[in-house]
$ cat my_file.txt   # compact mmCIF, C-alpha atoms
# COMPACT_ATOMS: atom_id res chain seq x y z
CA MET E 80 48.09 218.46 -137.41
CA THR E 81 49.11 215.47 -139.48
CA THR E 82 52.38 216.03 -141.35
CA GLN E 83 53.89 214.35 -144.38
CA SER E 84 55.65 211.71 -142.27
CA THR E 85 52.82 210.91 -139.88
CA LEU E 86 49.93 209.76 -142.09
CA GLN E 87 48.48 206.92 -140.02
CA LYS E 88 48.60 204.05 -142.51
CA GLU E 89 47.73 201.46 -139.84
CA LEU E 90 44.44 203.25 -139.23
CA TRP E 91 43.59 203.19 -142.93
CA VAL E 92 44.55 199.51 -143.37
CA ASN E 93 42.58 198.41 -140.29
CA GLN E 94 39.54 200.26 -141.53
CA LEU E 95 39.90 198.73 -144.99
CA LEU E 96 39.82 195.21 -143.50
CA GLU E 97 36.86 195.84 -141.19
CA ASN E 98 33.98 193.49 -142.09
CA PHE E 99 35.84 192.36 -145.22
CA TYR E 100 33.90 189.04 -145.14
CA PRO E 101 30.28 189.80 -144.20
CA ASN E 102 27.92 186.99 -143.19
CA SER E 103 26.34 187.08 -146.64
CA SER E 104 29.67 186.33 -148.36
CA PHE E 105 30.34 182.72 -149.28
CA LEU E 106 33.98 183.30 -148.30
CA GLU E 107 32.87 183.65 -144.69
CA TYR E 108 32.19 179.89 -144.73
CA ALA E 109 35.47 178.64 -146.23
CA LYS E 110 38.22 177.24 -143.99
CA ASP E 111 40.64 179.99 -143.03
CA PHE E 112 44.26 179.04 -143.76
CA SER E 113 45.57 182.53 -142.98
CA PRO E 114 47.51 181.31 -139.89
CA LEU E 115 49.55 179.10 -142.25
CA VAL E 116 50.70 182.04 -144.39
CA GLU E 117 54.38 182.96 -144.20
CA TYR E 118 55.87 185.55 -146.53
CA ASN E 119 52.64 185.54 -148.58
CA ALA E 120 52.81 181.81 -149.29
CA ILE E 121 51.47 178.61 -147.72
CA ASN E 122 53.85 175.71 -147.32
CA MET E 123 51.98 172.46 -146.74
CA ALA E 124 51.95 168.83 -147.78
CA GLU E 125 49.55 167.05 -150.11
CA ALA E 126 48.53 163.96 -148.15
CA GLY E 127 49.33 160.56 -149.59
CA LEU E 128 46.88 157.70 -149.98
CA ASP E 129 44.76 156.66 -147.00
CA PRO E 130 45.21 153.07 -145.77
CA GLU E 131 42.94 150.24 -146.89
CA VAL E 132 40.54 148.76 -144.30
CA LEU E 133 40.51 144.98 -143.92
CA ILE E 134 37.36 143.13 -142.86
CA ASN E 135 37.58 139.77 -141.07
CA ASN E 136 41.23 139.49 -142.02
CA THR E 137 42.98 136.12 -141.53
CA THR E 138 46.31 136.86 -143.15
CA TYR E 139 49.21 138.13 -141.02
CA PRO E 140 51.41 140.06 -140.81
CA ILE E 141 49.29 142.87 -142.17
CA LYS E 142 50.90 144.71 -145.07
CA VAL E 143 52.82 147.88 -144.22
CA THR E 144 52.50 150.77 -146.66
CA GLN E 145 54.45 153.99 -146.29
CA ARG E 146 52.46 157.15 -146.84
CA VAL E 147 54.29 159.63 -149.04
CA ASP E 148 53.24 163.27 -148.65
CA THR E 149 54.16 165.71 -151.41
CA PRO E 150 55.34 169.20 -150.37
CA VAL E 151 53.18 171.97 -151.85
CA LYS E 152 53.88 175.71 -151.88
CA ILE E 153 50.94 177.99 -152.66
CA GLU E 154 51.76 181.59 -153.53
CA LEU E 155 49.05 184.11 -152.64
CA ASP E 156 47.72 186.23 -155.49
CA LEU E 157 48.44 189.95 -155.50
CA PHE E 158 45.44 192.27 -155.85
CA GLU E 159 46.13 195.99 -156.42
CA THR E 160 43.70 198.89 -156.44
CA GLU E 161 44.04 201.88 -158.71
CA ASN E 162 45.13 205.03 -156.89
CA THR E 163 42.78 207.63 -155.42
CA LEU E 164 43.51 211.30 -154.88
CA VAL E 165 42.49 212.39 -151.38
CA ARG E 166 42.12 216.04 -150.50
CA ARG E 167 43.32 217.04 -147.01
CA PRO E 168 43.87 213.53 -145.55
CA GLU E 169 44.81 215.04 -142.19
CA ALA E 170 41.15 216.10 -141.76
CA ILE E 171 39.77 212.78 -142.98
CA GLU E 172 41.73 210.77 -140.40
CA TYR E 173 39.82 212.47 -137.60
CA SER E 174 36.40 211.84 -139.11
CA TYR E 175 35.17 208.24 -139.26
CA ASP E 176 32.53 209.04 -141.87
CA GLN E 177 34.99 210.77 -144.20
CA LEU E 178 37.60 208.03 -143.78
CA GLU E 179 34.99 205.38 -144.51
CA SER E 180 33.81 207.20 -147.63
CA VAL E 181 37.33 207.28 -149.05
CA LEU E 182 38.03 203.65 -148.23
CA MET E 183 34.69 202.30 -149.39
CA GLY E 184 35.67 202.20 -153.04
CA HIS E 185 38.94 200.39 -152.33
CA ARG E 186 37.30 197.89 -149.98
CA ASN E 187 34.43 197.18 -152.39
CA SER E 188 36.78 196.73 -155.34
CA LEU E 189 39.09 194.38 -153.43
CA ARG E 190 36.18 192.48 -151.93
CA ALA E 191 34.52 191.98 -155.33
CA ARG E 192 37.67 190.98 -157.17
CA THR E 193 38.91 188.52 -154.53
CA ALA E 194 35.43 186.97 -154.28
CA GLU E 195 35.22 186.67 -158.07
CA LYS E 196 38.55 184.82 -158.15
CA ALA E 197 37.44 182.59 -155.27
CA ALA E 198 34.09 181.76 -156.88
CA HIS E 199 35.90 180.70 -160.03
CA ALA E 200 38.25 178.49 -158.00
CA PHE E 201 35.45 176.85 -155.99
CA ALA E 202 33.51 175.81 -159.11
CA PRO E 203 34.77 172.50 -160.57
CA LYS E 204 36.70 172.39 -163.82
CA ALA E 205 34.40 169.72 -165.24
CA ASP E 206 31.89 167.08 -164.20
CA GLY E 207 33.32 164.25 -162.12
CA VAL E 208 32.39 161.80 -159.39
CA PHE E 209 33.49 164.16 -156.60
CA THR E 210 32.92 167.37 -158.60
CA PRO E 211 29.38 167.10 -159.98
CA VAL E 212 28.20 169.51 -162.65
CA VAL E 213 24.45 169.55 -163.35
CA ARG E 214 22.75 171.30 -166.27
CA THR E 215 19.54 173.30 -165.90
CA SER E 216 16.46 171.65 -167.37
CA GLY E 217 13.58 174.11 -166.97
CA GLU E 218 11.55 176.06 -169.49
CA LYS E 219 13.20 178.38 -171.95
CA ALA E 220 13.84 181.93 -170.77
CA GLY E 221 15.48 184.05 -173.45
CA ASN E 222 18.55 182.12 -174.59
CA ARG E 223 18.72 179.73 -171.61
CA LEU E 224 16.80 177.08 -169.70
CA ARG E 225 15.66 178.05 -166.21
CA MET E 226 16.87 176.33 -163.04
CA THR E 227 14.33 173.98 -161.46
CA ILE E 228 13.94 172.39 -158.05
CA GLU E 229 14.75 169.08 -159.75
CA ASP E 230 18.13 170.51 -160.77
CA VAL E 231 18.95 171.39 -157.16
CA LEU E 232 17.83 167.94 -156.04
CA ALA E 233 19.97 166.36 -158.76
CA LEU E 234 23.02 168.16 -157.38
CA LYS E 235 22.07 167.05 -153.87
CA GLU E 236 21.91 163.43 -154.99
CA ARG E 237 25.32 163.72 -156.69
CA PHE E 238 26.75 165.04 -153.40
CA ASP E 239 25.04 162.15 -151.61
CA ASP E 240 26.51 159.62 -154.04
CA ALA E 241 29.99 161.06 -153.44
CA ASN E 242 29.48 160.71 -149.65
CA ILE E 243 29.95 164.42 -149.05
CA PRO E 244 28.91 165.10 -145.41
CA TYR E 245 25.41 166.52 -145.08
CA GLU E 246 26.35 169.27 -142.65
CA GLY E 247 28.36 172.10 -144.13
CA ARG E 248 27.04 172.04 -147.70
CA PHE E 249 26.53 175.45 -149.37
CA LEU E 250 24.83 176.40 -152.63
CA VAL E 251 25.70 179.87 -153.95
CA LEU E 252 22.97 180.95 -156.34
CA ASN E 253 23.43 183.28 -159.26
CA PRO E 254 20.66 185.92 -158.94
CA ARG E 255 19.06 184.75 -162.19
CA HIS E 256 18.82 181.22 -160.83
CA LEU E 257 17.32 182.61 -157.65
CA SER E 258 14.72 184.39 -159.80
CA ASP E 259 13.92 181.06 -161.47
CA LEU E 260 13.18 179.47 -158.10
CA ILE E 261 11.12 182.47 -156.96
CA LEU E 262 9.03 182.25 -160.13
CA PHE E 263 8.40 178.60 -159.32
CA ASP E 264 7.27 179.32 -155.75
CA VAL E 265 7.34 182.90 -154.45
CA LYS E 266 6.35 181.94 -150.92
CA ALA E 267 9.04 179.30 -150.56
CA PHE E 268 11.98 181.09 -152.19
CA LYS E 269 11.55 184.87 -152.00
CA ASP E 270 13.59 185.03 -148.75
CA ILE E 271 15.70 181.91 -149.24
CA THR E 272 19.02 183.81 -149.35
CA ASP E 273 18.35 185.84 -146.18
CA ILE E 274 20.75 185.50 -143.27
CA VAL E 275 18.78 184.77 -140.08
CA ASN E 276 20.56 185.06 -136.73
CA GLY E 277 23.88 184.97 -138.56
CA GLU E 278 23.10 181.74 -140.45
CA PRO E 279 21.90 181.11 -144.03
CA LYS E 280 18.58 179.43 -144.70
CA ARG E 281 18.60 175.84 -145.98
CA PHE E 282 17.01 174.03 -148.90
CA ALA E 283 17.60 170.46 -150.09
CA GLY E 284 20.38 170.09 -147.54
CA PHE E 285 22.27 173.18 -148.76
CA ASN E 286 22.83 176.44 -146.92
CA ILE E 287 21.72 178.98 -149.51
CA LEU E 288 23.70 182.10 -150.42
CA GLN E 289 23.87 184.23 -153.57
CA THR E 290 26.43 186.18 -155.59
CA SER E 291 26.38 187.79 -159.01
CA ILE E 292 30.03 186.92 -159.74
CA THR E 293 29.66 183.22 -160.48
CA PRO E 294 32.00 181.78 -163.14
CA PHE E 295 31.16 180.76 -166.70
CA TYR E 296 31.13 177.37 -168.40
CA ASP E 297 31.31 176.47 -172.05
CA ASN E 298 27.89 175.22 -173.18
CA VAL E 299 29.44 172.84 -175.72
CA THR E 300 32.30 171.23 -173.78
CA GLY E 301 30.72 171.56 -170.34
CA GLU E 302 34.04 172.77 -168.93
CA LYS E 303 34.69 175.88 -166.87
CA VAL E 304 35.96 178.89 -168.80
CA ASP E 305 39.37 180.18 -167.67
CA PHE E 306 39.25 183.12 -165.28
CA THR E 307 41.02 185.49 -167.65
CA ALA E 308 39.25 184.31 -170.81
CA LYS E 309 36.77 186.55 -172.56
CA LYS E 310 33.11 185.54 -172.62
CA SER E 311 32.03 183.95 -175.91
CA ALA E 312 28.71 183.06 -177.54
CA THR E 313 28.87 179.63 -175.91
CA SER E 314 29.67 180.93 -172.41
CA THR E 315 26.95 180.33 -169.84
CA PHE E 316 26.70 181.25 -166.16
CA CYS E 317 26.31 178.92 -163.21
CA SER E 318 25.53 178.59 -159.55
CA PHE E 319 28.15 176.70 -157.54
CA ALA E 320 28.26 174.55 -154.43
CA PHE E 321 30.87 173.46 -151.93
CA HIS E 322 31.38 171.76 -148.60
CA ARG E 323 32.91 174.11 -146.07
CA ASP E 324 35.65 171.60 -145.14
CA GLU E 325 36.74 171.22 -148.78
CA VAL E 326 37.54 174.85 -149.66
CA MET E 327 39.98 177.35 -148.18
CA LYS E 328 40.85 181.02 -148.17
CA ALA E 329 43.99 182.72 -146.92
CA ASP E 330 44.82 186.38 -146.39
CA GLY E 331 48.34 187.73 -146.53
CA ASP E 332 49.85 191.19 -146.33
CA VAL E 333 47.87 194.37 -146.91
CA PHE E 334 49.94 197.42 -147.79
CA MET E 335 48.93 201.04 -148.26
CA TYR E 336 50.84 203.27 -150.67
CA ALA E 337 50.70 207.01 -150.11
CA LYS E 338 52.24 209.93 -151.96
CA GLU E 339 51.63 212.62 -149.40
CA ASN E 340 51.12 216.33 -149.93
CA ASP E 341 51.69 216.20 -153.65
CA PRO E 342 52.30 219.82 -154.69
CA GLU E 343 50.75 219.41 -158.15
CA GLU E 344 47.62 217.62 -156.97
CA ARG E 345 47.35 219.58 -153.72
CA GLY E 346 46.46 216.36 -151.93
CA THR E 347 47.61 212.84 -151.11
CA ILE E 348 47.44 209.87 -153.52
CA ILE E 349 46.68 206.47 -151.97
CA GLY E 350 46.37 202.89 -153.17
CA PHE E 351 46.31 199.41 -151.64
CA ASP E 352 47.79 195.96 -152.21
CA LYS E 353 46.22 192.82 -150.75
CA ARG E 354 47.53 189.27 -150.87
CA PHE E 355 44.84 186.57 -151.03
CA ILE E 356 44.16 183.07 -152.31
CA ALA E 357 41.11 180.79 -152.29
CA LEU E 358 41.15 177.19 -153.58
CA PRO E 359 39.55 173.77 -153.25
CA ILE E 360 41.55 171.71 -150.78
CA ARG E 361 41.24 168.27 -152.39
CA ASN E 362 39.21 168.96 -155.55
CA LYS E 363 36.33 167.18 -153.83
CA GLY E 364 32.98 168.29 -152.49
CA ILE E 365 32.53 171.11 -155.01
CA GLY E 366 29.86 171.30 -157.69
CA ALA E 367 27.88 173.52 -160.03
CA ILE E 368 24.51 173.94 -161.70
CA VAL E 369 25.20 175.35 -165.18
CA SER E 370 22.61 177.17 -167.28
CA THR E 371 21.86 175.25 -170.45
CA LEU E 372 21.86 177.19 -173.72
CA PRO E 373 19.41 175.48 -176.13
CA THR E 374 21.03 174.43 -179.42
CA GLU E 375 17.82 174.66 -181.41

$ encode --input "my_file.txt" --output "structure tokens"
Amino acid sequence: MTTQSTLQKELWVNQLLENFYPNSSFLEYAKDFSPLVEYNAINMAEAGLDPEVLINNTTYPIKVTQRVDTPVKIELDLFETENTLVRRPEAIEYSYDQLESVLMGHRNSLRARTAEKAAHAFAPKADGVFTPVVRTSGEKAGNRLRMTIEDVLALKERFDDANIPYEGRFLVLNPRHLSDLILFDVKAFKDITDIVNGEPKRFAGFNILQTSITPFYDNVTGEKVDFTAKKSATSTFCSFAFHRDEVMKADGDVFMYAKENDPEERGTIIGFDKRFIALPIRNKGIGAIVSTLPTE
């Protein structure tokens, strides 16, 4: 029988992390910087300027320029679950189904919150040459304009203009934008976000995924709303895009807290910490299609 000192935390943590990034998650397709994590931080260097390329040069010696890299330390965010009271954990540890049922809530909460933070990070702050932000231009639907195929193609052309490589582009659709495309052509788009043989389907050069936790933009300024800011009357949702070589994720420590055999609760109280960060690597090759709120 499991005693107070032998609760198998490693078993619980390993089960929590199982399938943490399913194939349908956009985080599955970000570069994994986890091997670079030390003490829940990433120490790296921001690369200096690339050298100029001379064509048919006739002037020698060729100029020598020293590249200066800037040290960067990235601290991983700390995500904490609220505690759960577990009755008779010694029985649960020997039953996969019971263990999974207890952990499901913690895994789902951590998965959703880390993905929400990552989605916000992957969407650009504002429109730019290498961070295109396109506005929807379709017919009015409630208080917004629907997404159109032309909007997706406009984002594609902005990626093309920025010389973002064709392979490895992803468009993560908000479900309401997916509905807009399905309304336009049910046959073409009703299964567009399905994963087939482990790979997303493609449209307009993008691998298509979906998530309901896309960030918000301000309809007036066109800028992304801060992650912790409250939604306002001018806040509007988006779909976002990225190139898989331009975004990263990193996992750090996962720790399980347990107050075992609590005499008042007649059970064990558990909770989890997880260290995680997701960011654009160079603030390049990321974009968004933002729902337009009509001003009329």

$ closest_atom_pairs --input "my_file.txt" --of "region 97-165 of chain E" --to "region 280-296 of chain E" --cutoff "9 Å" --atoms "all atoms listed in the file" --output "tab-separated table"
residue	atom	partner	partner_atom	distance
E:Ser103	CA	E:Leu288	CA	6.8
E:Ser104	CA	E:Leu288	CA	7.6
E:Phe105	CA	E:Leu288	CA	6.8

$ write_last_selection --input "my_file.txt" --atoms "C-alpha atoms" --output "short mmCIF file (atom, residue, chain, number, x, y, z; two decimals), in the frame of the given file"
data_model
loop_
_atom_site.label_atom_id
_atom_site.label_comp_id
_atom_site.auth_asym_id
_atom_site.auth_seq_id
_atom_site.Cartn_x
_atom_site.Cartn_y
_atom_site.Cartn_z
CA SER E 103 26.34 187.08 -146.64
CA SER E 104 29.67 186.33 -148.36
CA PHE E 105 30.34 182.72 -149.28
#

$ residues_around --input "my_file.txt" --residues "Glu229 (chain E)" --least-positions-apart "5" --cutoff "9 Å" --atoms "all atoms listed in the file" --output "PyMOL selection string"
chain E and resi 215-217+234

$ residues_around --input "my_file.txt" --residues "Arg255 (chain E)" --least-positions-apart "2" --cutoff "9 Å" --atoms "only C-alpha atoms" --output "list in words"
Arg225, Met226, Leu252, Asn253, Leu257, Ser258, Asp259, Leu260 and Ser291 of chain E

$ atom_distance --input "my_file.txt" --atom1 "CA of Asp264 (chain E)" --atom2 "CA of Gly277 (chain E)"
24.6 Å

$ atom_distance --input "my_file.txt" --atom1 "CA of Phe351 (chain E)" --atom2 "CA of Arg323 (chain E)"
29.2 Å

$ residues_around --input "my_file.txt" --residues "region 194-202 of chain E" --least-positions-apart "6" --cutoff "10 Å" --atoms "all atoms listed in the file" --output "PyMOL selection string"
chain E and resi 100+104-106+109+156+188+210-212+251+290-296+303-307+317-322+325-328+355-360+362-368

$ write_last_selection --input "my_file.txt" --atoms "C-alpha atoms" --output "PDB file, keeping the file's coordinate frame"
ATOM      1  CA  TYR E 100      33.900 189.040-145.140  1.00  0.00           C
ATOM      2  CA  SER E 104      29.670 186.330-148.360  1.00  0.00           C
ATOM      3  CA  PHE E 105      30.340 182.720-149.280  1.00  0.00           C
ATOM      4  CA  LEU E 106      33.980 183.300-148.300  1.00  0.00           C
ATOM      5  CA  ALA E 109      35.470 178.640-146.230  1.00  0.00           C
ATOM      6  CA  ASP E 156      47.720 186.230-155.490  1.00  0.00           C
ATOM      7  CA  SER E 188      36.780 196.730-155.340  1.00  0.00           C
ATOM      8  CA  THR E 210      32.920 167.370-158.600  1.00  0.00           C
ATOM      9  CA  PRO E 211      29.380 167.100-159.980  1.00  0.00           C
ATOM     10  CA  VAL E 212      28.200 169.510-162.650  1.00  0.00           C
ATOM     11  CA  VAL E 251      25.700 179.870-153.950  1.00  0.00           C
ATOM     12  CA  THR E 290      26.430 186.180-155.590  1.00  0.00           C
ATOM     13  CA  SER E 291      26.380 187.790-159.010  1.00  0.00           C
ATOM     14  CA  ILE E 292      30.030 186.920-159.740  1.00  0.00           C
ATOM     15  CA  THR E 293      29.660 183.220-160.480  1.00  0.00           C
ATOM     16  CA  PRO E 294      32.000 181.780-163.140  1.00  0.00           C
ATOM     17  CA  PHE E 295      31.160 180.760-166.700  1.00  0.00           C
ATOM     18  CA  TYR E 296      31.130 177.370-168.400  1.00  0.00           C
ATOM     19  CA  LYS E 303      34.690 175.880-166.870  1.00  0.00           C
ATOM     20  CA  VAL E 304      35.960 178.890-168.800  1.00  0.00           C
ATOM     21  CA  ASP E 305      39.370 180.180-167.670  1.00  0.00           C
ATOM     22  CA  PHE E 306      39.250 183.120-165.280  1.00  0.00           C
ATOM     23  CA  THR E 307      41.020 185.490-167.650  1.00  0.00           C
ATOM     24  CA  CYS E 317      26.310 178.920-163.210  1.00  0.00           C
ATOM     25  CA  SER E 318      25.530 178.590-159.550  1.00  0.00           C
ATOM     26  CA  PHE E 319      28.150 176.700-157.540  1.00  0.00           C
ATOM     27  CA  ALA E 320      28.260 174.550-154.430  1.00  0.00           C
ATOM     28  CA  PHE E 321      30.870 173.460-151.930  1.00  0.00           C
ATOM     29  CA  HIS E 322      31.380 171.760-148.600  1.00  0.00           C
ATOM     30  CA  GLU E 325      36.740 171.220-148.780  1.00  0.00           C
ATOM     31  CA  VAL E 326      37.540 174.850-149.660  1.00  0.00           C
ATOM     32  CA  MET E 327      39.980 177.350-148.180  1.00  0.00           C
ATOM     33  CA  LYS E 328      40.850 181.020-148.170  1.00  0.00           C
ATOM     34  CA  PHE E 355      44.840 186.570-151.030  1.00  0.00           C
ATOM     35  CA  ILE E 356      44.160 183.070-152.310  1.00  0.00           C
ATOM     36  CA  ALA E 357      41.110 180.790-152.290  1.00  0.00           C
ATOM     37  CA  LEU E 358      41.150 177.190-153.580  1.00  0.00           C
ATOM     38  CA  PRO E 359      39.550 173.770-153.250  1.00  0.00           C
ATOM     39  CA  ILE E 360      41.550 171.710-150.780  1.00  0.00           C
ATOM     40  CA  ASN E 362      39.210 168.960-155.550  1.00  0.00           C
ATOM     41  CA  LYS E 363      36.330 167.180-153.830  1.00  0.00           C
ATOM     42  CA  GLY E 364      32.980 168.290-152.490  1.00  0.00           C
ATOM     43  CA  ILE E 365      32.530 171.110-155.010  1.00  0.00           C
ATOM     44  CA  GLY E 366      29.860 171.300-157.690  1.00  0.00           C
ATOM     45  CA  ALA E 367      27.880 173.520-160.030  1.00  0.00           C
ATOM     46  CA  ILE E 368      24.510 173.940-161.700  1.00  0.00           C
TER      47      ILE E 368
END

$ closest_residue --input "my_file.txt" --among "E:Ala220, E:Ala205, E:Ile153, E:Leu372" --to "Val116 (chain E)" --atoms "only C-alpha atoms"
E:Ile153

$ residues_around --input "my_file.txt" --residues "Thr371 (chain E)" --least-positions-apart "6" --cutoff "7 Å" --atoms "all atoms listed in the file" --output "list in words"
Arg214, Thr215, Arg223, Leu224 and Asn298 of chain E

$ atom_distance --input "my_file.txt" --atom1 "CA of Asn276 (chain E)" --atom2 "CA of Phe238 (chain E)"
26.8 Å

$ closest_residue --input "my_file.txt" --among "E:Pro373, E:Glu344, E:Lys309, E:Lys110" --to "Arg167 (chain E)" --atoms "all atoms listed in the file"
E:Glu344

$ closest_residue --input "my_file.txt" --among "E:Asn136, E:Ser113, E:Asn122, E:Thr193" --to "Pro150 (chain E)" --atoms "all atoms listed in the file"
E:Asn122

$ residues_around --input "my_file.txt" --residues "Gly331 (chain E)" --least-positions-apart "4" --cutoff "12 Å" --atoms "all atoms listed in the file" --output "list in words"
Leu96, Asp111, Phe112, Ser113, Pro114, Leu115, Val116, Glu117, Tyr118, Asn119, Ala120, Ile121, Ile153, Glu154, Leu155, Asp156, Leu157, Phe158, Asp352, Lys353, Arg354, Phe355, Ile356 and Ala357 of chain E

$ closest_residue --input "my_file.txt" --among "E:Asp330, E:Glu339, E:Glu159, E:Asp324" --to "Arg361 (chain E)" --atoms "only C-alpha atoms"
E:Asp324

$ decode --input "my_file.txt" --residues "region 212-220 of chain E" --atoms "all heavy atoms" --output "compact mmCIF listing (two decimals), in the first residue's frame"
# COMPACT_ATOMS: atom_id res chain seq x y z
N VAL E 212 -0.26 42.35 -41.12
CA VAL E 212 -1.58 42.25 -40.51
C VAL E 212 -2.61 42.67 -41.54
O VAL E 212 -2.57 43.80 -42.04
CB VAL E 212 -1.69 43.12 -39.25
CG1 VAL E 212 -3.12 43.06 -38.69
CG2 VAL E 212 -0.69 42.68 -38.19
N VAL E 213 -3.51 41.77 -41.89
CA VAL E 213 -4.55 41.99 -42.89
C VAL E 213 -5.89 42.11 -42.19
O VAL E 213 -6.12 41.43 -41.18
CB VAL E 213 -4.56 40.83 -43.92
CG1 VAL E 213 -5.72 40.95 -44.88
CG2 VAL E 213 -3.23 40.76 -44.67
N ARG E 214 -6.77 42.96 -42.70
CA ARG E 214 -8.11 43.10 -42.13
C ARG E 214 -9.12 42.35 -42.98
O ARG E 214 -9.01 42.31 -44.21
CB ARG E 214 -8.50 44.59 -42.05
CG ARG E 214 -7.53 45.47 -41.28
CD ARG E 214 -7.38 45.04 -39.83
NE ARG E 214 -8.59 45.22 -39.07
CZ ARG E 214 -8.83 46.29 -38.31
NH1 ARG E 214 -7.95 47.27 -38.23
NH2 ARG E 214 -9.95 46.38 -37.62
N THR E 215 -10.13 41.76 -42.32
CA THR E 215 -11.16 41.05 -43.07
C THR E 215 -11.99 42.05 -43.88
O THR E 215 -12.16 43.20 -43.49
CB THR E 215 -12.09 40.25 -42.14
OG1 THR E 215 -12.70 41.14 -41.20
CG2 THR E 215 -11.31 39.18 -41.40
N SER E 216 -12.54 41.56 -45.01
CA SER E 216 -13.20 42.47 -45.95
C SER E 216 -14.51 41.91 -46.47
O SER E 216 -15.05 42.43 -47.46
CB SER E 216 -12.27 42.75 -47.12
OG SER E 216 -11.94 41.55 -47.81
N GLY E 217 -15.04 40.86 -45.85
CA GLY E 217 -16.25 40.22 -46.36
C GLY E 217 -17.53 40.94 -45.95
O GLY E 217 -17.50 42.08 -45.46
N GLU E 218 -18.64 40.23 -46.14
CA GLU E 218 -19.94 40.82 -45.80
C GLU E 218 -20.10 40.92 -44.30
O GLU E 218 -19.42 40.24 -43.53
CB GLU E 218 -21.06 39.98 -46.40
CG GLU E 218 -21.15 38.58 -45.85
CD GLU E 218 -22.24 37.75 -46.50
OE1 GLU E 218 -22.72 38.14 -47.58
OE2 GLU E 218 -22.61 36.71 -45.91
N LYS E 219 -21.01 41.76 -43.89
CA LYS E 219 -21.23 41.98 -42.46
C LYS E 219 -21.92 40.78 -41.83
O LYS E 219 -22.87 40.23 -42.39
CB LYS E 219 -22.07 43.24 -42.25
CG LYS E 219 -22.16 43.69 -40.80
CD LYS E 219 -22.87 45.03 -40.67
CE LYS E 219 -22.94 45.48 -39.22
NZ LYS E 219 -23.66 46.78 -39.08
N ALA E 220 -21.42 40.38 -40.67
CA ALA E 220 -22.00 39.28 -39.91
C ALA E 220 -22.06 39.73 -38.45
O ALA E 220 -21.05 39.71 -37.75
CB ALA E 220 -21.18 38.01 -40.05
